[in-house]
Protein chains: 2
Amino acid sequence: MYIDGLEAGVYDREVLQELVDGGLSAVTITAAFWEDAVETMQAFATWNDLARDNADLMLIVRTVADITAAQESGRVGIILGSQGPSPINDRLGFVELFHQMGLRVMQLTYNNQTSIGGSCYEDPDGGLSRFGREVVREMNRVGMIIDLSHVGEQTGFDTIRQSEMPVAITHANPRSLYDHPRNKSDELIRALGASGGILGLTTCRFFCGSYAQSGQTWADLVCRTVDLIGVDAIAIGTDLGPKTGPEELRWMRQGRWTRANKSDVAVGSTDVPAREWLASLRDFGQIEQALEGCGRFAADEIAAIMGGNWLRFYSSTFG
Amino acid sequence: MYIDGLEAGVYDREVLQELVDGGLSAVTITAAFWEDAVETMQAFATWNDLARDNADLMLIVRTVADITAAQESGRVGIILGSQGPSPINDRLGFVELFHQMGLRVMQLTYNNQTSIGGSCYEDPDGGLSRFGREVVREMNRVGMIIDLSHVGEQTGFDTIRQSEMPVAITHANPRSLYDHPRNKSDELIRALGASGGILGLTTCRFFCGSYAQSGQTWADLVCRTVDLIGVDAIAIGTDLGPKTGPEELRWMRQGRWTRANKSDVAVGSTDVPAREWLASLRDFGQIEQALEGCGRFAADEIAAIMGGNWLRFYSSTFG
């Protein structure tokens, strides 16, 4: 079973077919970056329509059983996620309401500080706020995955300590392998692993440096991260963006918070040539081939990294 | 089993105790009159908190099984309703999202014309709109009860014809018994009954005239309405408002649509003295006694009017 723990694209029937062809049984998509409650609800309504119109290719995941059902019927299960907490409009009670509407994964910050915590681009990151501690407790209570991919180090450590439920970094790499603000320190990754959390390694070239060059080099990044926290805590969050164009990139980086298009935000080294491997999500199986190619992992370990670990993690958090 | 098909009050532990003492197994409350999506969600969040804080007295009803569970545990099941369509922000897809959050009953208009239809205070009532027909189909699809209590006659007839699912008038009386714009014509009530719909007769003195004087007179109103459409289509929607004060009345009548406090809206004859019967929802059983007192109904007929008919109707609509 293949599971991609984080994507952010523009989805239509063609892309859904790509995910199915790629063998993906579940994908966490990004329904919101900066969208408020009503805007996120409209995105959910659009997803509900897409699901009805393409019921032969997809379903929306509410429980882990839905992922199994997707696999058995040769469809992809779409897990609704948000890369920031903007959907809840700073209201604690909205966490539960969005869970009822299907939201299963939420970041505490995207690229900016929120009422909850500091982002990885914020200096200093003041850590998890008073409201943030309430939100963490509420996400634990209702069964919504806390995603630390874009938070700063202090907020990350605070949240791992505060959360009673294991948390996720759905799409990032070790900073010790490629130095980028969006990548995480070995200390934070170790704390994540020790708490039962999970790290989705990203194939996004901005966060890979030279490891992005090929399936072999990326498999090497996986091996080195497994050295850090073990196979059980490692999964995949490609951060790929099917059909993402300039307008979507502008929204991701700029939102409504600045008049400047922040080309420095969420962009790292671009001196890596356009990839020849994983050119599309249809090629998701190339990751498995690369992991096999490095000759280090047993078959069940590869299966765990390709999806089994996400499935186990979702089982323990969706409730 | 007692069920009250419509109330609109300010609920706290004291009122919940009143409902339980009154033997009510389910009550449809008013979570919104003019509130938009976010405001209604905040009201739902407050209800969710109230339910958690008073789990010994209440639960929120999502399925008919929840009503049975409430009865068996001596609690009251709260059915979330809205007296207008303002929660959906004129967005078709929000009907499903609000159903997911728990909304089970929605009026197509409160006292004013909406994008869906005309109200009983609107002249002319242009009937069900193009968007209105979409909303009716969507409410049918997701299993949300269409409530015609405040719509105009034309919108009422149009909706009964359009809806594939039986609809409700949760709180009104026959206009032939007491002439008030909020009461319904015999023709509309017959069309409702013929389509499998249900009429919740109201004890609110504004809509009862002299029938409000006592349990006996109100039971007479019930008998005359049963003559019109039979026992199976008759239920109770008191429209009582525990702890409703001047501020709540102002909001109901004035909302944000006028600067004038519309004392003419939703108010009829007030020359009926303060009631001596049904002084509180704790006295809900007085309705049963009054129905027994008129000597017309068999025990199973009284049980149907007191709650059985609502339960059957909810069973066929909640899905």
# chains A, B, ... in the order shown; residues from 1 in each chain; ligands from 1
$ interface_residues --of "chain B" --to "chain A" --cutoff "10 Å" --atoms "only C-alpha atoms" --output "tab-separated table (two decimals) with N, CA and C atoms, in the first residue's frame"
chain	number	residue	atom	x	y	z
B	36	ASP	N	-24.97	33.84	10.24
B	36	ASP	CA	-24.31	33.31	9.05
B	36	ASP	C	-23.53	32.04	9.41
B	37	ALA	N	-22.75	31.53	8.47
B	37	ALA	CA	-22.06	30.25	8.68
B	37	ALA	C	-21.19	30.26	9.94
B	38	VAL	N	-20.32	31.25	10.05
B	38	VAL	CA	-19.39	31.28	11.18
B	38	VAL	C	-20.14	31.47	12.49
B	41	MET	N	-21.77	28.27	13.39
B	41	MET	CA	-20.77	27.31	13.88
B	41	MET	C	-20.40	27.62	15.32
B	42	GLN	N	-20.31	28.90	15.67
B	42	GLN	CA	-20.01	29.25	17.06
B	42	GLN	C	-21.15	28.78	17.97
B	43	ALA	N	-22.39	28.92	17.48
B	43	ALA	CA	-23.53	28.42	18.27
B	43	ALA	C	-23.44	26.90	18.44
B	44	PHE	N	-23.06	26.20	17.38
B	44	PHE	CA	-22.89	24.74	17.47
B	44	PHE	C	-21.78	24.40	18.47
B	45	ALA	N	-20.68	25.15	18.40
B	45	ALA	CA	-19.56	24.89	19.33
B	45	ALA	C	-20.03	25.06	20.76
B	46	THR	N	-20.86	26.08	21.00
B	46	THR	CA	-21.41	26.31	22.34
B	46	THR	C	-22.32	25.15	22.75
B	47	TRP	N	-23.13	24.65	21.82
B	47	TRP	CA	-23.97	23.48	22.10
B	47	TRP	C	-23.10	22.26	22.40
B	48	ASN	N	-22.02	22.08	21.63
B	48	ASN	CA	-21.14	20.93	21.88
B	48	ASN	C	-20.53	21.01	23.28
B	49	ASP	N	-20.16	22.22	23.69
B	49	ASP	CA	-19.62	22.40	25.04
B	49	ASP	C	-20.71	22.11	26.08
B	88	ILE	N	-26.10	28.67	5.67
B	88	ILE	CA	-25.41	28.13	4.49
B	88	ILE	C	-24.80	29.22	3.61
B	89	ASN	N	-24.93	30.50	4.02
B	89	ASN	CA	-24.26	31.58	3.26
B	89	ASN	C	-24.55	31.51	1.76
B	91	ARG	N	-24.64	29.09	-0.17
B	91	ARG	CA	-23.75	28.15	-0.87
B	91	ARG	C	-24.35	26.75	-0.78
B	92	LEU	N	-24.67	26.17	-1.91
B	92	LEU	CA	-25.32	24.86	-1.95
B	92	LEU	C	-24.52	23.81	-1.17
B	93	GLY	N	-23.20	23.82	-1.35
B	93	GLY	CA	-22.36	22.79	-0.73
B	93	GLY	C	-22.33	22.85	0.79
B	94	PHE	N	-22.76	23.99	1.35
B	94	PHE	CA	-22.73	24.13	2.81
B	94	PHE	C	-23.87	23.34	3.48
B	95	VAL	N	-24.91	22.97	2.72
B	95	VAL	CA	-25.98	22.15	3.30
B	95	VAL	C	-25.38	20.86	3.85
B	96	GLU	N	-24.57	20.20	3.04
B	96	GLU	CA	-23.94	18.94	3.46
B	96	GLU	C	-22.99	19.17	4.64
B	97	LEU	N	-22.22	20.25	4.59
B	97	LEU	CA	-21.26	20.51	5.67
B	97	LEU	C	-21.99	20.76	6.99
B	98	PHE	N	-23.09	21.51	6.94
B	98	PHE	CA	-23.84	21.74	8.19
B	98	PHE	C	-24.53	20.47	8.66
B	99	HIS	N	-24.94	19.62	7.73
B	99	HIS	CA	-25.46	18.32	8.15
B	99	HIS	C	-24.38	17.53	8.88
B	100	GLN	N	-23.16	17.58	8.35
B	100	GLN	CA	-22.05	16.88	9.02
B	100	GLN	C	-21.81	17.44	10.42
B	101	MET	N	-22.05	18.74	10.59
B	101	MET	CA	-21.85	19.36	11.91
B	101	MET	C	-23.05	19.15	12.82
B	102	GLY	N	-24.13	18.56	12.30
B	102	GLY	CA	-25.24	18.21	13.16
B	102	GLY	C	-26.58	18.85	12.83
$ residues_around --residues "Glu301 (chain A)" --least-positions-apart "5" --cutoff "12 Å" --atoms "only C-alpha atoms" --output "MDAnalysis selection string"
chainID A and resid 222:223 226 230:235 288 291:292 295:296 306:309
$ closest_residue --among "A:Phe131, A:Trp310, A:Phe206, A:Tyr121" --to "Leu6 (chain A)" --atoms "only C-alpha atoms"
A:Trp310
$ residues_around --residues "Gln216 (chain A)" --least-positions-apart "5" --cutoff "10 Å" --atoms "only C-alpha atoms" --output "PyMOL selection string"
chain A and resi 211+221-222+277+287+289-294
$ atom_distance --atom1 "CA of Lys262 (chain B)" --atom2 "CA of Pro246 (chain B)"
12.6 Å
$ select_by_dssp --residues "region 212-286 of chain A" --states "alpha helix (DSSP H)" --output "VMD selection string"
chain A and resid 215 to 229 246 to 254 285 to 286
$ write_last_selection --atoms "N, CA, C and O atoms" --output "mmCIF file, in the first residue's frame"
data_model
loop_
_atom_site.group_PDB
_atom_site.id
_atom_site.type_symbol
_atom_site.label_atom_id
_atom_site.label_comp_id
_atom_site.auth_asym_id
_atom_site.auth_seq_id
_atom_site.Cartn_x
_atom_site.Cartn_y
_atom_site.Cartn_z
ATOM 1 N N GLY A 215 16.660 8.732 -7.862
ATOM 2 C CA GLY A 215 16.077 7.813 -6.900
ATOM 3 C C GLY A 215 17.141 7.273 -5.947
ATOM 4 O O GLY A 215 16.901 7.140 -4.748
ATOM 5 N N GLN A 216 18.330 7.003 -6.476
ATOM 6 C CA GLN A 216 19.409 6.463 -5.649
ATOM 7 C C GLN A 216 19.835 7.458 -4.576
ATOM 8 O O GLN A 216 20.022 7.104 -3.409
ATOM 9 N N THR A 217 20.031 8.715 -4.986
ATOM 10 C CA THR A 217 20.474 9.707 -3.992
ATOM 11 C C THR A 217 19.380 9.937 -2.948
ATOM 12 O O THR A 217 19.673 10.103 -1.756
ATOM 13 N N TRP A 218 18.104 9.922 -3.391
ATOM 14 C CA TRP A 218 17.028 10.149 -2.418
ATOM 15 C C TRP A 218 16.906 8.954 -1.470
ATOM 16 O O TRP A 218 16.662 9.134 -0.268
ATOM 17 N N ALA A 219 17.129 7.758 -1.991
ATOM 18 C CA ALA A 219 17.117 6.571 -1.125
ATOM 19 C C ALA A 219 18.234 6.669 -0.080
ATOM 20 O O ALA A 219 18.081 6.210 1.056
ATOM 21 N N ASP A 220 19.328 7.305 -0.462
ATOM 22 C CA ASP A 220 20.430 7.513 0.488
ATOM 23 C C ASP A 220 19.972 8.428 1.628
ATOM 24 O O ASP A 220 20.301 8.208 2.801
ATOM 25 N N LEU A 221 19.194 9.470 1.276
ATOM 26 C CA LEU A 221 18.630 10.364 2.304
ATOM 27 C C LEU A 221 17.729 9.563 3.247
ATOM 28 O O LEU A 221 17.762 9.767 4.467
ATOM 29 N N VAL A 222 16.959 8.639 2.709
ATOM 30 C CA VAL A 222 16.094 7.799 3.547
ATOM 31 C C VAL A 222 16.956 6.965 4.503
ATOM 32 O O VAL A 222 16.700 6.915 5.710
ATOM 33 N N CYS A 223 18.004 6.339 3.955
ATOM 34 C CA CYS A 223 18.871 5.487 4.788
ATOM 35 C C CYS A 223 19.471 6.275 5.951
ATOM 36 O O CYS A 223 19.476 5.818 7.095
ATOM 37 N N ARG A 224 19.949 7.470 5.652
ATOM 38 C CA ARG A 224 20.583 8.274 6.693
ATOM 39 C C ARG A 224 19.573 8.710 7.753
ATOM 40 O O ARG A 224 19.922 8.847 8.939
ATOM 41 N N THR A 225 18.331 8.934 7.350
ATOM 42 C CA THR A 225 17.313 9.335 8.332
ATOM 43 C C THR A 225 16.867 8.131 9.156
ATOM 44 O O THR A 225 16.587 8.262 10.353
ATOM 45 N N VAL A 226 16.829 6.981 8.531
ATOM 46 C CA VAL A 226 16.527 5.760 9.284
ATOM 47 C C VAL A 226 17.597 5.545 10.350
ATOM 48 O O VAL A 226 17.295 5.130 11.478
ATOM 49 N N ASP A 227 18.852 5.863 10.018
ATOM 50 C CA ASP A 227 19.921 5.770 11.020
ATOM 51 C C ASP A 227 19.600 6.624 12.243
ATOM 52 O O ASP A 227 19.970 6.293 13.367
ATOM 53 N N LEU A 228 18.898 7.719 12.011
ATOM 54 C CA LEU A 228 18.614 8.690 13.071
ATOM 55 C C LEU A 228 17.491 8.206 13.992
ATOM 56 O O LEU A 228 17.595 8.332 15.223
ATOM 57 N N ILE A 229 16.383 7.696 13.425
ATOM 58 C CA ILE A 229 15.221 7.349 14.274
ATOM 59 C C ILE A 229 14.590 5.991 13.962
ATOM 60 O O ILE A 229 13.556 5.655 14.535
ATOM 61 N N PRO A 246 1.758 29.364 -11.342
ATOM 62 C CA PRO A 246 2.231 30.603 -10.706
ATOM 63 C C PRO A 246 1.207 31.196 -9.736
ATOM 64 O O PRO A 246 1.587 31.704 -8.676
ATOM 65 N N GLU A 247 -0.075 31.118 -10.075
ATOM 66 C CA GLU A 247 -1.087 31.727 -9.210
ATOM 67 C C GLU A 247 -1.163 30.976 -7.879
ATOM 68 O O GLU A 247 -1.293 31.596 -6.816
ATOM 69 N N GLU A 248 -1.065 29.647 -7.937
ATOM 70 C CA GLU A 248 -1.092 28.857 -6.697
ATOM 71 C C GLU A 248 0.177 29.127 -5.870
ATOM 72 O O GLU A 248 0.104 29.243 -4.649
ATOM 73 N N LEU A 249 1.321 29.226 -6.543
ATOM 74 C CA LEU A 249 2.565 29.506 -5.819
ATOM 75 C C LEU A 249 2.494 30.877 -5.148
ATOM 76 O O LEU A 249 2.929 31.053 -4.007
ATOM 77 N N ARG A 250 1.943 31.851 -5.864
ATOM 78 C CA ARG A 250 1.816 33.192 -5.293
ATOM 79 C C ARG A 250 0.961 33.142 -4.020
ATOM 80 O O ARG A 250 1.304 33.713 -2.989
ATOM 81 N N TRP A 251 -0.157 32.439 -4.089
ATOM 82 C CA TRP A 251 -1.046 32.323 -2.920
ATOM 83 C C TRP A 251 -0.334 31.646 -1.754
ATOM 84 O O TRP A 251 -0.423 32.098 -0.606
ATOM 85 N N MET A 252 0.404 30.559 -2.039
ATOM 86 C CA MET A 252 1.113 29.854 -0.981
ATOM 87 C C MET A 252 2.113 30.771 -0.266
ATOM 88 O O MET A 252 2.210 30.771 0.952
ATOM 89 N N ARG A 253 2.860 31.544 -1.056
ATOM 90 C CA ARG A 253 3.952 32.345 -0.475
ATOM 91 C C ARG A 253 3.477 33.668 0.091
ATOM 92 O O ARG A 253 3.959 34.134 1.114
ATOM 93 N N GLN A 254 2.544 34.284 -0.617
ATOM 94 C CA GLN A 254 2.166 35.659 -0.306
ATOM 95 C C GLN A 254 0.867 35.727 0.491
ATOM 96 O O GLN A 254 0.711 36.613 1.343
ATOM 97 N N GLY A 285 5.831 4.548 -7.608
ATOM 98 C CA GLY A 285 6.504 3.262 -7.409
ATOM 99 C C GLY A 285 8.021 3.342 -7.596
ATOM 100 O O GLY A 285 8.749 2.460 -7.127
ATOM 101 N N GLN A 286 8.505 4.377 -8.268
ATOM 102 C CA GLN A 286 9.958 4.548 -8.423
ATOM 103 C C GLN A 286 10.644 4.712 -7.064
ATOM 104 O O GLN A 286 11.815 4.364 -6.907
#
$ residues_around --residues "region 177-181 of chain A" --least-positions-apart "2" --cutoff "8 Å" --atoms "only C-alpha atoms" --output "number ranges by chain"
A: 120-121, 173-175, 183-184, 207-209, 221, 268
$ write_last_selection --atoms "all heavy atoms" --output "mmCIF file, in the first residue's frame"
data_model
loop_
_atom_site.group_PDB
_atom_site.id
_atom_site.type_symbol
_atom_site.label_atom_id
_atom_site.label_comp_id
_atom_site.auth_asym_id
_atom_site.auth_seq_id
_atom_site.Cartn_x
_atom_site.Cartn_y
_atom_site.Cartn_z
ATOM 1 N N CYS A 120 8.918 28.264 11.104
ATOM 2 C CA CYS A 120 10.345 28.024 10.908
ATOM 3 C C CYS A 120 11.029 29.226 10.265
ATOM 4 O O CYS A 120 12.249 29.280 10.210
ATOM 5 C CB CYS A 120 10.554 26.770 10.062
ATOM 6 S SG CYS A 120 9.860 26.897 8.407
ATOM 7 N N TYR A 121 10.255 30.182 9.778
ATOM 8 C CA TYR A 121 10.839 31.398 9.201
ATOM 9 C C TYR A 121 10.821 32.552 10.194
ATOM 10 O O TYR A 121 11.176 33.664 9.861
ATOM 11 C CB TYR A 121 10.079 31.802 7.926
ATOM 12 C CG TYR A 121 10.231 30.793 6.806
ATOM 13 C CD1 TYR A 121 9.182 29.963 6.452
ATOM 14 C CD2 TYR A 121 11.436 30.667 6.114
ATOM 15 C CE1 TYR A 121 9.314 29.028 5.432
ATOM 16 C CE2 TYR A 121 11.583 29.733 5.096
ATOM 17 C CZ TYR A 121 10.516 28.919 4.769
ATOM 18 O OH TYR A 121 10.672 27.995 3.765
ATOM 19 N N ASN A 173 12.810 17.214 5.742
ATOM 20 C CA ASN A 173 13.991 16.347 5.787
ATOM 21 C C ASN A 173 14.899 16.799 6.919
ATOM 22 O O ASN A 173 14.709 17.881 7.481
ATOM 23 C CB ASN A 173 14.746 16.424 4.447
ATOM 24 C CG ASN A 173 13.955 15.806 3.307
ATOM 25 O OD1 ASN A 173 13.216 14.836 3.505
ATOM 26 N ND2 ASN A 173 14.088 16.366 2.112
ATOM 27 N N PRO A 174 15.896 15.990 7.259
ATOM 28 C CA PRO A 174 16.841 16.421 8.306
ATOM 29 C C PRO A 174 17.697 17.591 7.813
ATOM 30 O O PRO A 174 18.252 17.536 6.718
ATOM 31 C CB PRO A 174 17.712 15.173 8.532
ATOM 32 C CG PRO A 174 16.887 14.032 8.021
ATOM 33 C CD PRO A 174 16.125 14.594 6.862
ATOM 34 N N ARG A 175 17.799 18.587 8.663
ATOM 35 C CA ARG A 175 18.610 19.758 8.323
ATOM 36 C C ARG A 175 20.100 19.378 8.264
ATOM 37 O O ARG A 175 20.874 20.042 7.591
ATOM 38 C CB ARG A 175 18.380 20.863 9.355
ATOM 39 C CG ARG A 175 18.785 22.238 8.872
ATOM 40 C CD ARG A 175 18.490 23.285 9.923
ATOM 41 N NE ARG A 175 17.055 23.447 10.132
ATOM 42 C CZ ARG A 175 16.523 24.038 11.206
ATOM 43 N NH1 ARG A 175 17.311 24.502 12.164
ATOM 44 N NH2 ARG A 175 15.222 24.153 11.319
ATOM 45 N N ASN A 183 13.755 22.376 6.902
ATOM 46 C CA ASN A 183 14.177 21.067 7.404
ATOM 47 C C ASN A 183 14.382 21.119 8.918
ATOM 48 O O ASN A 183 14.433 22.197 9.509
ATOM 49 C CB ASN A 183 15.432 20.608 6.657
ATOM 50 C CG ASN A 183 15.086 20.145 5.238
ATOM 51 O OD1 ASN A 183 13.947 19.756 4.958
ATOM 52 N ND2 ASN A 183 16.068 20.194 4.340
ATOM 53 N N LYS A 184 14.449 19.955 9.541
ATOM 54 C CA LYS A 184 14.397 19.883 11.002
ATOM 55 C C LYS A 184 15.733 19.410 11.578
ATOM 56 O O LYS A 184 16.419 18.570 10.984
ATOM 57 C CB LYS A 184 13.296 18.910 11.438
ATOM 58 C CG LYS A 184 11.914 19.220 10.849
ATOM 59 C CD LYS A 184 11.404 20.597 11.255
ATOM 60 C CE LYS A 184 10.076 20.932 10.635
ATOM 61 N NZ LYS A 184 9.713 22.352 10.805
ATOM 62 N N PHE A 207 14.073 21.051 -0.713
ATOM 63 C CA PHE A 207 14.462 20.622 0.632
ATOM 64 C C PHE A 207 15.396 19.410 0.613
ATOM 65 O O PHE A 207 15.625 18.788 1.641
ATOM 66 C CB PHE A 207 13.210 20.305 1.461
ATOM 67 C CG PHE A 207 12.172 21.389 1.380
ATOM 68 C CD1 PHE A 207 10.870 21.111 1.008
ATOM 69 C CD2 PHE A 207 12.522 22.718 1.660
ATOM 70 C CE1 PHE A 207 9.919 22.117 0.912
ATOM 71 C CE2 PHE A 207 11.571 23.730 1.560
ATOM 72 C CZ PHE A 207 10.271 23.434 1.183
ATOM 73 N N CYS A 208 15.911 19.070 -0.572
ATOM 74 C CA CYS A 208 16.739 17.864 -0.701
ATOM 75 C C CYS A 208 18.187 18.153 -1.073
ATOM 76 O O CYS A 208 19.057 17.305 -0.865
ATOM 77 C CB CYS A 208 16.160 16.942 -1.784
ATOM 78 S SG CYS A 208 14.622 16.140 -1.318
ATOM 79 N N GLY A 209 18.425 19.318 -1.676
ATOM 80 C CA GLY A 209 19.780 19.578 -2.168
ATOM 81 C C GLY A 209 20.184 18.498 -3.154
ATOM 82 O O GLY A 209 19.373 18.063 -3.990
ATOM 83 N N LEU A 221 19.194 9.470 1.276
ATOM 84 C CA LEU A 221 18.630 10.364 2.304
ATOM 85 C C LEU A 221 17.729 9.563 3.247
ATOM 86 O O LEU A 221 17.762 9.767 4.467
ATOM 87 C CB LEU A 221 17.843 11.498 1.620
ATOM 88 C CG LEU A 221 17.131 12.528 2.502
ATOM 89 C CD1 LEU A 221 17.174 13.920 1.841
ATOM 90 C CD2 LEU A 221 15.685 12.148 2.770
ATOM 91 N N GLY A 268 14.212 26.846 -1.769
ATOM 92 C CA GLY A 268 15.608 26.649 -1.438
ATOM 93 C C GLY A 268 16.423 26.625 -2.714
ATOM 94 O O GLY A 268 16.096 27.301 -3.683
#
$ select_by_dssp --residues "region 76-288 of chain B" --states "strand (DSSP E or B)" --output "NGL selection string"
:B and (76-82 or 103-107 or 119 or 145-147 or 151 or 168-169 or 174 or 184 or 198-201 or 234-236 or 240)
$ write_last_selection --atoms "N, CA, C and O atoms" --output "short mmCIF file (atom, residue, chain, number, x, y, z; two decimals), in the first residue's frame"
data_model
loop_
_atom_site.label_atom_id
_atom_site.label_comp_id
_atom_site.auth_asym_id
_atom_site.auth_seq_id
_atom_site.Cartn_x
_atom_site.Cartn_y
_atom_site.Cartn_z
N VAL B 76 -32.45 14.29 27.62
CA VAL B 76 -33.14 14.89 26.49
C VAL B 76 -32.17 14.95 25.30
O VAL B 76 -31.01 15.34 25.44
N GLY B 77 -32.66 14.52 24.16
CA GLY B 77 -31.88 14.63 22.92
C GLY B 77 -32.14 15.97 22.28
O GLY B 77 -33.29 16.34 22.05
N ILE B 78 -31.08 16.70 22.03
CA ILE B 78 -31.22 18.03 21.41
C ILE B 78 -30.97 17.91 19.91
O ILE B 78 -29.91 17.45 19.47
N ILE B 79 -31.98 18.29 19.12
CA ILE B 79 -31.87 18.29 17.66
C ILE B 79 -31.54 19.71 17.23
O ILE B 79 -32.27 20.65 17.55
N LEU B 80 -30.42 19.88 16.52
CA LEU B 80 -29.98 21.22 16.12
C LEU B 80 -30.80 21.68 14.91
O LEU B 80 -30.83 21.01 13.88
N GLY B 81 -31.45 22.82 15.06
CA GLY B 81 -32.25 23.37 13.97
C GLY B 81 -31.92 24.83 13.73
O GLY B 81 -31.32 25.50 14.58
N SER B 82 -32.31 25.30 12.55
CA SER B 82 -32.17 26.72 12.23
C SER B 82 -33.50 27.23 11.69
O SER B 82 -34.13 26.56 10.87
N LEU B 103 -26.64 19.80 11.91
CA LEU B 103 -27.91 20.47 11.60
C LEU B 103 -28.89 19.46 10.98
O LEU B 103 -28.56 18.80 9.99
N ARG B 104 -30.07 19.35 11.56
CA ARG B 104 -31.04 18.35 11.09
C ARG B 104 -32.36 18.96 10.62
O ARG B 104 -33.14 18.28 9.97
N VAL B 105 -32.62 20.22 10.97
CA VAL B 105 -33.88 20.87 10.59
C VAL B 105 -33.56 22.30 10.16
O VAL B 105 -32.84 23.00 10.88
N MET B 106 -34.07 22.71 9.00
CA MET B 106 -33.80 24.09 8.56
C MET B 106 -35.03 24.66 7.86
O MET B 106 -35.61 24.01 7.00
N GLN B 107 -35.40 25.88 8.24
CA GLN B 107 -36.45 26.58 7.53
C GLN B 107 -35.87 27.23 6.27
O GLN B 107 -34.71 27.64 6.24
N SER B 119 -41.34 34.68 2.53
CA SER B 119 -41.83 34.42 3.88
C SER B 119 -43.33 34.73 3.96
O SER B 119 -43.90 35.34 3.06
N ILE B 145 -34.27 18.00 7.45
CA ILE B 145 -35.70 18.27 7.38
C ILE B 145 -35.97 19.69 6.89
O ILE B 145 -35.38 20.65 7.39
N ILE B 146 -36.83 19.80 5.89
CA ILE B 146 -37.28 21.10 5.38
C ILE B 146 -38.46 21.55 6.21
O ILE B 146 -39.48 20.85 6.29
N ASP B 147 -38.31 22.72 6.82
CA ASP B 147 -39.35 23.26 7.71
C ASP B 147 -39.99 24.47 7.04
O ASP B 147 -39.31 25.43 6.69
N VAL B 151 -42.55 30.13 5.89
CA VAL B 151 -42.61 30.52 4.47
C VAL B 151 -44.02 30.96 4.11
O VAL B 151 -45.00 30.67 4.80
N ALA B 168 -41.89 19.28 6.79
CA ALA B 168 -42.54 19.57 8.07
C ALA B 168 -42.95 21.04 8.16
O ALA B 168 -42.32 21.91 7.55
N ILE B 169 -44.03 21.27 8.88
CA ILE B 169 -44.31 22.59 9.44
C ILE B 169 -44.16 22.36 10.94
O ILE B 169 -45.02 21.74 11.56
N PRO B 174 -53.65 25.97 12.12
CA PRO B 174 -54.49 26.29 10.96
C PRO B 174 -55.01 27.74 11.04
O PRO B 174 -55.51 28.17 12.09
N LYS B 184 -51.33 28.56 8.82
CA LYS B 184 -51.36 28.04 7.45
C LYS B 184 -52.79 27.77 6.99
O LYS B 184 -53.64 27.35 7.78
N ILE B 198 -45.74 16.50 8.06
CA ILE B 198 -46.15 16.53 9.46
C ILE B 198 -46.30 17.98 9.92
O ILE B 198 -45.55 18.86 9.49
N LEU B 199 -47.30 18.21 10.78
CA LEU B 199 -47.57 19.54 11.30
C LEU B 199 -47.41 19.54 12.82
O LEU B 199 -48.13 18.83 13.53
N GLY B 200 -46.46 20.32 13.29
CA GLY B 200 -46.30 20.51 14.73
C GLY B 200 -47.18 21.66 15.18
O GLY B 200 -46.91 22.81 14.83
N LEU B 201 -48.24 21.36 15.92
CA LEU B 201 -49.13 22.42 16.40
C LEU B 201 -48.46 23.18 17.53
O LEU B 201 -47.80 22.58 18.39
N ILE B 234 -50.10 14.78 12.82
CA ILE B 234 -50.15 15.81 13.86
C ILE B 234 -49.12 15.55 14.96
O ILE B 234 -49.05 14.45 15.51
N ALA B 235 -48.36 16.59 15.27
CA ALA B 235 -47.39 16.50 16.36
C ALA B 235 -47.39 17.85 17.08
O ALA B 235 -48.28 18.68 16.86
N ILE B 236 -46.38 18.05 17.91
CA ILE B 236 -46.33 19.28 18.72
C ILE B 236 -45.02 20.02 18.49
O ILE B 236 -43.95 19.41 18.45
N LEU B 240 -42.06 27.37 22.44
CA LEU B 240 -41.78 28.02 23.71
C LEU B 240 -40.32 28.44 23.76
O LEU B 240 -39.46 27.86 23.10
#
$ decode --residues "region 1-8 of chain B" --atoms "N, CA and C atoms" --output "CSV table (one decimal), in the first residue's frame"
chain,number,residue,atom,x,y,z
B,1,MET,N,-43.2,8.5,24.8
B,1,MET,CA,-42.1,9.4,24.5
B,1,MET,C,-42.6,10.8,24.1
B,2,TYR,N,-42.1,11.8,24.7
B,2,TYR,CA,-42.5,13.2,24.4
B,2,TYR,C,-41.4,13.8,23.5
B,3,ILE,N,-41.8,14.5,22.4
B,3,ILE,CA,-40.9,15.2,21.6
B,3,ILE,C,-41.5,16.6,21.3
B,4,ASP,N,-40.7,17.6,21.4
B,4,ASP,CA,-41.2,19.0,21.1
B,4,ASP,C,-40.4,19.4,19.8
B,5,GLY,N,-41.2,19.6,18.7
B,5,GLY,CA,-40.6,19.8,17.4
B,5,GLY,C,-40.0,21.2,17.2
B,6,LEU,N,-40.2,22.1,18.1
B,6,LEU,CA,-39.6,23.4,17.9
B,6,LEU,C,-39.6,24.2,19.2
B,7,GLU,N,-38.4,24.7,19.6
B,7,GLU,CA,-38.3,25.6,20.7
B,7,GLU,C,-37.2,26.7,20.3
B,8,ALA,N,-37.2,27.8,21.0
B,8,ALA,CA,-36.2,28.8,20.7
B,8,ALA,C,-35.9,29.6,22.0
